[in-house]
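Below: upload.cif (mmCIF, C-alpha atoms)
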```
data_final
loop_
_atom_site.label_atom_id
_atom_site.label_comp_id
_atom_site.auth_asym_id
_atom_site.auth_seq_id
_atom_site.Cartn_x
_atom_site.Cartn_y
_atom_site.Cartn_z
CA MET A 1 -19.96 -6.09 17.18
CA SER A 2 -21.25 -4.03 14.24
CA LYS A 3 -20.56 -0.78 16.10
CA GLY A 4 -17.04 -1.96 16.82
CA ILE A 5 -16.45 -2.76 13.17
CA GLU A 6 -17.80 0.68 12.22
CA ARG A 7 -15.28 2.32 14.56
CA VAL A 8 -12.45 0.28 13.07
CA LEU A 9 -13.45 1.23 9.53
CA SER A 10 -13.92 4.92 10.33
CA ASP A 11 -10.58 4.95 12.09
CA GLN A 12 -8.88 4.02 8.82
CA LYS A 13 -9.81 7.35 7.25
CA GLY A 14 -8.84 10.90 8.10
CA TYR A 15 -5.44 10.38 9.69
CA TYR A 16 -1.82 11.36 9.14
CA LEU A 17 1.06 8.93 9.55
CA LEU A 18 4.25 10.66 10.69
CA GLY A 19 7.71 9.20 11.10
CA TYR A 20 11.28 10.30 11.63
CA ARG A 21 14.74 8.93 10.99
CA PRO A 22 17.00 8.80 14.06
CA ASP A 23 20.67 9.73 13.84
CA SER A 24 23.02 6.95 12.81
CA GLU A 25 24.66 7.06 16.26
CA THR A 26 21.38 5.80 17.71
CA PHE A 27 22.00 2.34 16.27
CA ASP A 28 24.98 1.02 18.18
CA PRO A 29 25.28 -2.78 17.86
CA LYS A 30 27.33 -2.90 21.06
CA LYS A 31 24.76 -0.98 23.12
CA ALA A 32 21.27 -1.95 22.11
CA ARG A 33 19.61 0.30 24.64
CA PHE A 34 15.96 1.36 24.68
CA HIS A 35 15.18 4.89 23.44
CA THR A 36 12.03 6.48 24.87
CA LEU A 37 9.66 8.46 22.64
CA THR A 38 7.26 11.20 23.72
CA VAL A 39 4.79 12.98 21.44
CA LYS A 40 3.00 16.16 22.53
CA LEU A 41 0.14 17.90 20.74
CA LYS A 42 -0.66 21.60 20.61
CA ARG A 43 -4.25 21.04 19.46
CA PRO A 44 -6.71 19.43 21.92
CA ASP A 45 -9.01 18.08 19.17
CA LEU A 46 -6.41 15.64 17.81
CA ARG A 47 -5.62 12.12 18.97
CA VAL A 48 -2.21 10.53 18.65
CA ARG A 49 -1.00 6.95 18.88
CA TYR A 50 2.67 6.11 19.05
CA ARG A 51 5.07 3.55 20.36
CA SER A 52 6.65 4.26 23.72
CA GLY A 53 10.11 3.75 22.26
CA PHE A 54 12.46 1.49 20.31
CA PHE A 55 15.68 -0.44 20.68
CA GLY A 56 18.73 0.91 18.85
CA ILE A 57 19.08 -2.11 16.56
CA LYS A 58 18.98 -1.97 12.77
CA ASP A 59 16.11 -3.82 11.13
CA GLU A 60 18.36 -6.21 9.27
CA GLU A 61 20.09 -7.14 12.54
CA ALA A 62 16.89 -7.50 14.55
CA LYS A 63 15.08 -9.65 12.00
CA PRO A 64 16.62 -11.98 9.42
CA ALA A 65 15.60 -11.52 5.82
CA VAL A 66 12.46 -13.39 4.82
CA ARG A 67 13.36 -16.31 2.60
CA GLY A 68 11.23 -18.55 0.50
CA ALA A 69 7.89 -18.00 -1.17
CA ARG A 70 5.79 -19.36 1.69
CA GLN A 71 7.60 -17.23 4.27
CA GLN A 72 7.09 -14.11 2.15
CA ILE A 73 3.39 -14.81 1.78
CA LEU A 74 2.84 -15.57 5.48
CA SER A 75 4.70 -12.42 6.46
CA ALA A 76 2.43 -10.33 4.23
CA LEU A 77 -0.71 -12.10 5.49
CA THR A 78 0.08 -11.36 9.13
CA SER A 79 1.31 -7.81 8.58
CA PRO A 80 -1.12 -5.03 9.63
CA PHE A 81 -0.11 -3.07 6.52
CA ASN A 82 -0.84 -3.68 2.85
CA SER A 83 2.09 -4.33 0.53
CA GLY A 84 2.20 -2.23 -2.62
CA GLU A 85 4.77 -3.98 -4.79
CA ILE A 86 1.81 -5.32 -6.78
CA ASP A 87 -1.20 -3.01 -6.96
CA LEU A 88 -4.22 -4.96 -5.68
CA ARG A 89 -7.80 -3.78 -5.07
CA LEU A 90 -10.11 -6.03 -3.07
CA THR A 91 -13.91 -6.02 -3.15
CA SER A 92 -15.44 -8.59 -0.78
CA LEU A 93 -19.16 -8.97 -0.20
CA PHE A 94 -21.53 -11.51 1.24
CA ALA A 95 -24.45 -13.01 -0.67
CA ASN A 96 -26.82 -15.97 -0.44
CA ASP A 97 -28.51 -18.33 -2.86
CA ALA A 98 -30.81 -21.28 -2.38
CA GLN A 99 -28.28 -23.90 -3.52
CA THR A 100 -25.02 -22.91 -1.77
CA GLY A 101 -26.34 -20.86 1.15
CA THR A 102 -24.36 -17.87 2.44
CA PHE A 103 -20.96 -17.19 0.91
CA MET A 104 -18.34 -14.48 0.64
CA ARG A 105 -17.24 -13.54 -2.86
CA SER A 106 -14.08 -11.52 -3.33
CA LEU A 107 -13.09 -9.76 -6.54
CA LEU A 108 -9.36 -9.09 -6.69
CA TYR A 109 -8.23 -6.47 -9.19
CA VAL A 110 -4.59 -6.86 -10.24
CA SER A 111 -2.51 -4.30 -12.11
CA GLY A 112 -1.12 -6.03 -15.19
CA ARG A 113 1.93 -3.75 -15.26
CA ASP A 114 3.17 -5.04 -11.90
CA LEU A 115 3.64 -8.64 -13.05
CA LYS A 116 6.67 -9.96 -14.92
CA PHE A 117 5.74 -11.58 -18.23
CA ALA A 118 8.17 -13.95 -19.89
CA GLU A 119 8.27 -14.01 -23.69
CA GLU A 120 7.58 -17.34 -25.34
CA ALA A 121 7.37 -18.62 -28.90
CA ASP A 122 4.94 -17.13 -31.41
CA GLY A 123 4.53 -13.91 -29.44
CA TRP A 124 2.99 -15.49 -26.35
CA GLN A 125 3.62 -13.85 -22.96
CA ARG A 126 3.35 -15.78 -19.69
CA ALA A 127 3.12 -14.71 -16.03
CA THR A 128 2.83 -17.05 -13.04
CA PHE A 129 1.78 -15.97 -9.56
CA ASP A 130 0.66 -17.41 -6.22
CA VAL A 131 -2.57 -16.27 -4.57
CA VAL A 132 -3.33 -16.96 -0.90
CA ALA A 133 -6.57 -15.75 0.66
CA MET A 134 -7.58 -16.13 4.30
CA THR A 135 -10.68 -15.20 6.25
CA PHE A 136 -10.20 -14.32 9.91
CA GLY A 137 -12.98 -14.38 12.50
CA ASP A 138 -13.70 -11.68 15.07
CA ASN A 139 -11.30 -13.39 17.51
CA GLY A 140 -8.42 -13.32 15.02
CA THR A 141 -8.44 -17.05 14.23
CA ILE A 142 -8.22 -18.34 10.67
CA VAL A 143 -11.64 -19.50 9.46
CA ASP A 144 -10.79 -20.58 5.94
CA GLU A 145 -7.93 -20.48 3.42
CA VAL A 146 -7.54 -20.75 -0.34
CA SER A 147 -4.11 -21.20 -1.93
CA ARG A 148 -3.52 -21.56 -5.63
CA THR A 149 -0.96 -20.92 -8.35
CA GLU A 150 -2.23 -19.30 -11.53
CA THR A 151 -0.66 -18.75 -14.94
CA ILE A 152 -1.76 -16.23 -17.54
CA ARG A 153 -0.76 -16.69 -21.17
CA ALA A 154 -1.70 -14.02 -23.66
CA ARG A 155 -0.53 -12.33 -26.80
CA ALA A 156 -1.38 -9.51 -29.18
CA GLU A 157 -4.49 -7.51 -28.20
CA THR A 158 -5.24 -9.68 -25.16
CA PHE A 159 -1.77 -9.13 -23.72
CA GLN A 160 -2.06 -5.39 -24.34
CA GLU A 161 -5.46 -5.36 -22.61
CA ILE A 162 -4.04 -7.08 -19.51
CA ARG A 163 -1.07 -4.72 -19.34
CA GLU A 164 -3.14 -1.58 -19.74
CA LYS A 165 -6.34 -2.46 -17.86
CA GLY A 166 -5.31 -5.20 -15.43
CA PHE A 167 -7.44 -8.24 -14.69
CA VAL A 168 -9.76 -9.67 -12.03
CA SER A 169 -9.41 -12.89 -10.06
CA THR A 170 -12.41 -14.27 -8.14
CA ILE A 171 -12.28 -16.06 -4.78
CA THR A 172 -15.35 -17.59 -3.11
CA PHE A 173 -15.65 -18.83 0.48
CA PRO A 174 -18.69 -20.57 2.00
CA ILE A 175 -19.75 -18.91 5.27
CA LYS A 176 -21.15 -21.27 7.89
CA ARG A 177 -21.79 -18.77 10.68
CA PRO A 178 -22.84 -15.11 10.74
CA GLY A 179 -20.44 -12.60 12.26
CA ALA A 180 -17.63 -10.20 11.51
CA TYR A 181 -14.83 -11.35 9.22
CA GLN A 182 -11.66 -9.95 7.76
CA MET A 183 -10.55 -11.05 4.31
CA ARG A 184 -6.83 -10.82 3.57
CA VAL A 185 -5.35 -11.66 0.16
CA VAL A 186 -1.70 -11.88 -0.85
CA MET A 187 -0.31 -12.27 -4.36
CA ARG A 188 3.31 -13.16 -5.14
CA ASP A 189 4.86 -12.88 -8.59
CA ALA A 190 6.88 -16.06 -9.16
CA ALA A 191 9.35 -14.33 -11.52
CA THR A 192 10.26 -11.33 -9.34
CA SER A 193 9.12 -12.36 -5.81
CA ARG A 194 7.16 -9.11 -5.63
CA ILE A 195 4.36 -9.13 -3.09
CA GLY A 196 0.98 -7.40 -3.11
CA SER A 197 -1.64 -7.61 -0.37
CA ALA A 198 -5.08 -6.21 0.39
CA SER A 199 -7.68 -6.61 3.15
CA GLN A 200 -11.30 -5.79 3.88
CA PHE A 201 -13.75 -6.17 6.78
CA ILE A 202 -17.07 -7.89 6.08
CA GLU A 203 -20.05 -8.34 8.38
CA VAL A 204 -22.23 -11.36 7.57
CA PRO A 205 -25.74 -11.15 9.08
CA ASP A 206 -27.90 -14.04 10.24
CA LEU A 207 -30.54 -14.52 7.53
CA LYS A 208 -32.36 -17.11 9.65
CA LYS A 209 -33.70 -14.30 11.85
CA ASP A 210 -36.03 -13.43 8.95
CA ARG A 211 -35.15 -9.73 9.06
CA LEU A 212 -34.79 -7.50 6.03
CA THR A 213 -31.13 -7.70 4.94
CA LEU A 214 -29.01 -6.37 2.08
CA SER A 215 -26.08 -8.11 0.44
CA GLY A 216 -22.87 -6.35 -0.45
CA ILE A 217 -23.01 -3.68 -3.16
CA LEU A 218 -21.44 -3.88 -6.61
CA LEU A 219 -20.49 -0.72 -8.49
CA GLN A 220 -19.82 -0.21 -12.18
CA ARG A 221 -19.84 2.70 -14.57
CA LEU A 222 -22.39 2.93 -17.34
CA ARG A 223 -20.58 2.37 -20.63
CA PRO A 224 -21.66 2.58 -24.28
CA GLN A 225 -22.88 -0.66 -25.79
CA ILE A 226 -20.19 -2.57 -27.67
CA SER A 227 -20.64 -5.11 -30.43
CA ASP A 228 -20.86 -8.81 -29.56
CA ASP A 229 -17.78 -9.43 -31.70
CA LYS A 230 -15.68 -6.99 -29.68
CA ALA A 231 -17.02 -8.34 -26.39
CA GLN A 232 -15.99 -11.86 -27.37
CA ARG A 233 -12.45 -10.66 -28.12
CA GLN A 234 -12.02 -9.14 -24.66
CA PHE A 235 -10.13 -11.11 -22.04
CA GLN A 236 -12.42 -9.70 -19.34
CA SER A 237 -15.20 -7.15 -19.39
CA ASP A 238 -14.64 -3.60 -18.18
CA GLU A 239 -17.63 -4.07 -15.87
CA GLN A 240 -15.72 -6.78 -13.99
CA ARG A 241 -12.79 -4.43 -13.48
CA ASP A 242 -15.10 -1.67 -12.27
CA MET A 243 -16.69 -3.91 -9.65
CA ALA A 244 -13.30 -5.04 -8.36
CA ALA A 245 -11.37 -1.74 -8.48
CA ARG A 246 -14.20 0.67 -7.47
CA SER A 247 -12.34 3.58 -9.05
CA PHE A 248 -14.21 6.24 -11.04
CA GLY A 249 -13.71 9.66 -12.56
CA ALA A 250 -15.66 12.88 -12.03
CA GLY A 251 -18.84 13.17 -14.08
CA MET A 252 -19.24 9.42 -14.59
CA ASP A 253 -22.61 7.65 -14.50
CA ILE A 254 -22.50 4.76 -12.04
CA ARG A 255 -24.87 1.84 -11.55
CA PHE A 256 -25.02 -0.12 -8.30
CA GLY A 257 -26.59 -3.50 -7.62
CA TYR A 258 -27.44 -5.35 -4.40
CA GLY A 259 -29.41 -8.33 -3.09
CA ILE A 260 -32.47 -8.00 -0.84
CA TYR A 261 -33.24 -10.86 1.53
CA ASN A 262 -36.32 -11.66 3.65
CA ALA A 263 -38.58 -9.00 2.14
CA LYS A 264 -42.29 -9.46 2.95
CA SER A 265 -44.86 -10.01 0.19
CA ASP A 266 -48.38 -8.65 -0.03
CA ARG A 267 -50.89 -11.46 0.56
CA THR A 268 -53.07 -10.32 -2.32
CA THR A 269 -50.54 -9.40 -5.01
CA GLN A 270 -47.69 -11.62 -3.77
CA SER A 271 -45.39 -8.67 -4.47
CA PRO A 272 -43.07 -6.75 -2.13
CA ARG A 273 -43.41 -3.06 -1.30
CA LEU A 274 -39.88 -1.71 -0.99
CA THR A 275 -38.39 1.77 -1.16
CA MET A 276 -34.74 2.71 -1.64
CA GLN A 277 -32.64 5.75 -0.82
CA PHE A 278 -28.90 6.24 -1.23
CA LYS A 279 -26.43 8.66 0.31
CA ILE A 280 -22.88 9.74 -0.51
CA PHE A 281 -20.35 10.51 2.23
CA HIS A 282 -16.86 12.01 2.17
CA GLU A 283 -14.60 12.19 5.22
CA GLY A 284 -17.54 11.35 7.46
CA LYS A 285 -19.80 14.10 6.11
CA GLU A 286 -22.96 13.56 4.10
CA LEU A 287 -22.58 15.14 0.65
CA PHE A 288 -25.78 13.96 -1.01
CA ALA A 289 -29.00 12.15 -0.14
CA SER A 290 -31.41 10.97 -2.83
CA LYS A 291 -35.16 11.00 -2.49
CA GLU A 292 -36.77 7.84 -1.16
CA LYS A 293 -38.39 6.06 -4.11
CA ASP A 294 -39.78 2.64 -4.96
CA ALA A 295 -36.92 0.17 -5.17
CA GLN A 296 -36.04 -0.81 -8.73
CA LEU A 297 -36.05 -4.62 -8.84
CA VAL A 298 -34.36 -6.51 -11.66
CA GLU A 299 -34.90 -10.05 -10.37
CA THR A 300 -38.02 -11.23 -8.51
CA THR A 301 -38.08 -14.98 -9.25
CA ASP A 302 -37.29 -15.88 -5.62
CA PRO A 303 -39.30 -13.65 -3.23
CA GLN A 304 -36.73 -14.24 -0.47
CA ARG A 305 -33.82 -13.25 -2.70
CA LEU A 306 -34.54 -10.17 -4.75
CA LEU A 307 -32.07 -8.13 -6.77
CA GLY A 308 -32.23 -4.35 -6.81
CA GLU A 309 -30.32 -1.67 -8.64
CA GLY A 310 -29.92 2.08 -8.75
CA GLY A 311 -27.86 4.75 -10.43
CA LEU A 312 -26.09 8.01 -9.72
CA THR A 313 -24.01 10.57 -11.56
CA LEU A 314 -20.83 11.90 -9.99
CA SER A 315 -20.52 15.67 -10.08
CA LYS A 316 -18.08 17.02 -12.64
CA THR A 317 -16.53 19.13 -9.86
CA ILE A 318 -16.19 16.32 -7.31
CA GLN A 319 -12.73 16.24 -5.78
CA PRO A 320 -10.46 13.17 -5.99
CA GLY A 321 -10.47 11.07 -2.83
CA ASP A 322 -12.26 8.31 -0.95
CA TYR A 323 -16.06 8.27 -0.76
CA VAL A 324 -18.76 6.01 0.69
CA LEU A 325 -22.06 4.98 -0.90
CA GLN A 326 -24.80 3.96 1.53
CA VAL A 327 -27.94 2.17 0.31
CA ILE A 328 -31.04 2.20 2.54
CA VAL A 329 -34.01 -0.07 1.79
CA ARG A 330 -37.33 0.12 3.62
CA ASP A 331 -39.89 -2.71 3.67
CA LEU A 332 -43.34 -1.12 3.98
CA LEU A 333 -44.93 -4.51 4.77
CA ALA A 334 -42.63 -5.45 7.64
CA LYS A 335 -42.89 -4.67 11.33
CA THR A 336 -41.57 -1.26 12.35
CA THR A 337 -38.54 -2.77 14.08
CA ASP A 338 -37.58 -4.79 10.97
CA GLN A 339 -38.48 -2.27 8.28
CA VAL A 340 -35.06 -0.85 7.40
CA ALA A 341 -31.86 -2.46 6.13
CA THR A 342 -28.73 -0.65 5.04
CA GLN A 343 -25.45 -1.49 3.37
CA TRP A 344 -22.47 0.59 2.28
CA ILE A 345 -19.34 0.40 0.14
CA ASP A 346 -16.39 2.72 -0.31
CA PHE A 347 -15.10 3.86 -3.69
CA GLU A 348 -12.40 6.13 -5.07
CA VAL A 349 -12.69 9.18 -7.29
CA VAL A 350 -9.59 9.73 -9.42
CA GLU A 351 -8.51 12.51 -11.73
#
```
How does this structure look as structure tokens?
Amino acid sequence: MSKGIERVLSDQKGYYLLGYRPDSETFDPKKARFHTLTVKLKRPDLRVRYRSGFFGIKDEEAKPAVRGARQQILSALTSPFNSGEIDLRLTSLFANDAQTGTFMRSLLYVSGRDLKFAEEADGWQRATFDVVAMTFGDNGTIVDEVSRTETIRARAETFQEIREKGFVSTITFPIKRPGAYQMRVVMRDAATSRIGSASQFIEVPDLKKDRLTLSGILLQRLRPQISDDKAQRQFQSDEQRDMAARSFGAGMDIRFGYGIYNAKSDRTTQSPRLTMQFKIFHEGKELFASKEKDAQLVETTDPQRLLGEGGLTLSKTIQPGDYVLQVIVRDLLAKTTDQVATQWIDFEVVE
């Protein structure tokens, strides 16, 4: 299953989507005949996928307009494409703690400029939106759903912060069984009926097998320290937005964090012996590989649930585009077959 998910994820990168507009005579309401399509390639190293044809019926005649908030949301949830009327960025990752067990936590970044704020008394601004999140199993069935309506009220500096920097909404699902999941989230602005959607594939391992495992990875840029007074005035921290949006500029210093599960401990020192290496990929090619060093642990209270971190600096000449960070952890105390665990996350470099 993991190999299949890898193929799906790799297939989402490095492609061109082409389309064409047929002549108006093609759409004859009296003769809705089928028009056959054929696509031929001159280069043997390319692959093409296309529909075999289409019926000469206009979209508005073939499918009635979607009406009602629920219908709009369901249509976006079941669509294979993301809607961009509201700019959403989704970061979903699995984790585990002793109290709640395994869960999936999703950070949803929302562009504040894409929501309609209504002006109220005393300078207050209010926006109301619906959020629906669903997890789908590997067979396409709905595993869980969260639906809620949220309202944001802000004014002055807080309102300006939301408009300029956006905000983050958090969604948490308990995960009862390991396996491959797809998270899909839809947001609908109540004032304008605009829709935004985002999706992400997540693979949840079986921690009961007692094998070395890594949680999802969180990314954030290293920022200068700010005063406690300024931090208290912020609606949300910039670190939260970083972790949700995963968008960085050239030359930035980035810190990444991850959980380590089922690491072995030395019988004498009761301490683990872990190493970590990270790699950067772009368009399927390895751009950088760090040296393998002792893993930097920031939380060791629970030997079965450690927290590690690392850092990297993006090159000042790195080109804008999509990149992948892979983290590789090796347990020097484990059996050879269970020594290595890896996890990855994609991020964007912007100008």
Run the PyMOL selection byres ((chain A and resi 203-210) around 7) mentally over the shown coordinates, then write out the matched residues as a ChimeraX atom specification, using the chain letters and numbers from the document.
/A:94,178-181,201-202,211-212,262
Exactly which residues make up the result of the PyMOL selection byres ((chain A and resi 232-239) around 12) on this file, given as a PyMOL selection string?
chain A and resi 107+109+152-169+218-231+240-248+254-256
Taken to one decimal, the CA of Gly249 in chain A-CA of Val329 in chain A distance is 26.7 Å
Using all atoms listed in the file, which protein or nucleic acid residues come within 6 Å of Thr102 in chain A? Drop anything in the same chain fewer than 4 positions from it, and give the result as a list in words.
Ala95, Asn96 and Ile175 of chain A
Mind writing the picked residues with C-alpha atoms as a JSON list (two decimals), keeping the file's coordinate frame?
```json
[["chain", "number", "residue", "atom", "x", "y", "z"],
["A", 95, "ALA", "CA", -24.45, -13.01, -0.67],
["A", 96, "ASN", "CA", -26.82, -15.97, -0.44],
["A", 175, "ILE", "CA", -19.75, -18.91, 5.27]]
```
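Note that the spacing between CA of Ile328 in chain A and CA of Ser271 in chain A amounts to 19.3 Å.
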Using only C-alpha atoms, which residue out of A:Val185, A:Leu77, A:Ala190, A:Ile57 lies closest to His35 in chain A?
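Ranking A:Val185, A:Leu77, A:Ala190, A:Ile57 by distance to His35 in chain A, first place goes to A:Ile57.
Take the candidates A:Leu18, A:Ala98, A:Ile318, A:Thr337 and check each one against Gly251 in chain A using all atoms listed in the file; the shortest distance goes to A:Ile318.
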Give me, as an NGL selection string, all polymer residues having an atom no more than 7 Å from range 302-315 of chain A, counting all atoms listed in the file and skipping those fewer than 2 positions away in the same chain.
:A and (250-263 or 295-300 or 317-318)
Explicit residues for the PyMOL selection byres ((chain A and resi 140) around 12) (as a PyMOL selection string):
chain A and resi 78+134-139+141-144+180-184
Given only C-alpha atoms as the counted atoms, nearest of A:Gln200, A:Thr301, A:Gln343, A:Gln326 to Leu287 in chain A
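Nearest candidate to Leu287 in chain A out of A:Gln200, A:Thr301, A:Gln343, A:Gln326: A:Gln326.
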Minimum-distance residue to Asp338 in chain A, chosen among A:Lys116, A:Arg273, A:Lys291, A:Lys264 (using only C-alpha atoms)
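Under the stated criterion, the closest residue is A:Lys264.
Pairwise distance (CA of Trp344 in chain A, CA of Ala133 in chain A) equals 22.9 Å.
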(-4.5, -7.4, -3.7) in this file's frame - what residues fall within 8 Å of it? Use only C-alpha atoms and give the answer as JSON, numbers by chain.
{"A": [86, 87, 88, 89, 90, 108, 109, 110, 185, 186, 187, 196, 197, 198, 199]}
For a cutoff of 10 Å around the file-coordinate point (1.5, 7.9, 11.2), which residues qualify once you count all atoms listed in the file? I'd like the result as a count of residues only.
8
For range 101-113 of chain A, supply N, CA and C atoms and format the output as an mmCIF file, keeping the file's coordinate frame.
```
data_model
loop_
_atom_site.group_PDB
_atom_site.id
_atom_site.type_symbol
_atom_site.label_atom_id
_atom_site.label_comp_id
_atom_site.auth_asym_id
_atom_site.auth_seq_id
_atom_site.Cartn_x
_atom_site.Cartn_y
_atom_site.Cartn_z
ATOM 1 N N GLY A 101 -26.213 -21.547 -0.127
ATOM 2 C CA GLY A 101 -26.340 -20.860 1.150
ATOM 3 C C GLY A 101 -25.588 -19.540 1.142
ATOM 4 N N THR A 102 -25.074 -19.146 2.308
ATOM 5 C CA THR A 102 -24.360 -17.870 2.440
ATOM 6 C C THR A 102 -22.895 -18.059 2.067
ATOM 7 N N PHE A 103 -22.360 -17.107 1.317
ATOM 8 C CA PHE A 103 -20.960 -17.190 0.910
ATOM 9 C C PHE A 103 -20.382 -15.783 0.832
ATOM 10 N N MET A 104 -19.062 -15.724 0.828
ATOM 11 C CA MET A 104 -18.340 -14.480 0.640
ATOM 12 C C MET A 104 -17.627 -14.547 -0.694
ATOM 13 N N ARG A 105 -17.903 -13.589 -1.552
ATOM 14 C CA ARG A 105 -17.240 -13.540 -2.860
ATOM 15 C C ARG A 105 -16.318 -12.337 -2.903
ATOM 16 N N SER A 106 -15.080 -12.578 -3.264
ATOM 17 C CA SER A 106 -14.080 -11.520 -3.330
ATOM 18 C C SER A 106 -13.590 -11.352 -4.756
ATOM 19 N N LEU A 107 -13.609 -10.114 -5.225
ATOM 20 C CA LEU A 107 -13.090 -9.760 -6.540
ATOM 21 C C LEU A 107 -11.763 -9.056 -6.336
ATOM 22 N N LEU A 108 -10.705 -9.629 -6.872
ATOM 23 C CA LEU A 108 -9.360 -9.090 -6.690
ATOM 24 C C LEU A 108 -8.881 -8.481 -8.002
ATOM 25 N N TYR A 109 -8.762 -7.150 -8.013
ATOM 26 C CA TYR A 109 -8.230 -6.470 -9.190
ATOM 27 C C TYR A 109 -6.705 -6.436 -9.103
ATOM 28 N N VAL A 110 -6.050 -6.794 -10.187
ATOM 29 C CA VAL A 110 -4.590 -6.860 -10.240
ATOM 30 C C VAL A 110 -4.087 -5.972 -11.368
ATOM 31 N N SER A 111 -3.125 -5.126 -11.072
ATOM 32 C CA SER A 111 -2.510 -4.300 -12.110
ATOM 33 C C SER A 111 -1.615 -5.173 -12.988
ATOM 34 N N GLY A 112 -1.901 -5.197 -14.277
ATOM 35 C CA GLY A 112 -1.120 -6.030 -15.190
ATOM 36 C C GLY A 112 0.300 -5.555 -15.378
ATOM 37 N N ARG A 113 0.576 -4.289 -15.083
ATOM 38 C CA ARG A 113 1.930 -3.750 -15.260
ATOM 39 C C ARG A 113 2.879 -4.156 -14.131
#
```
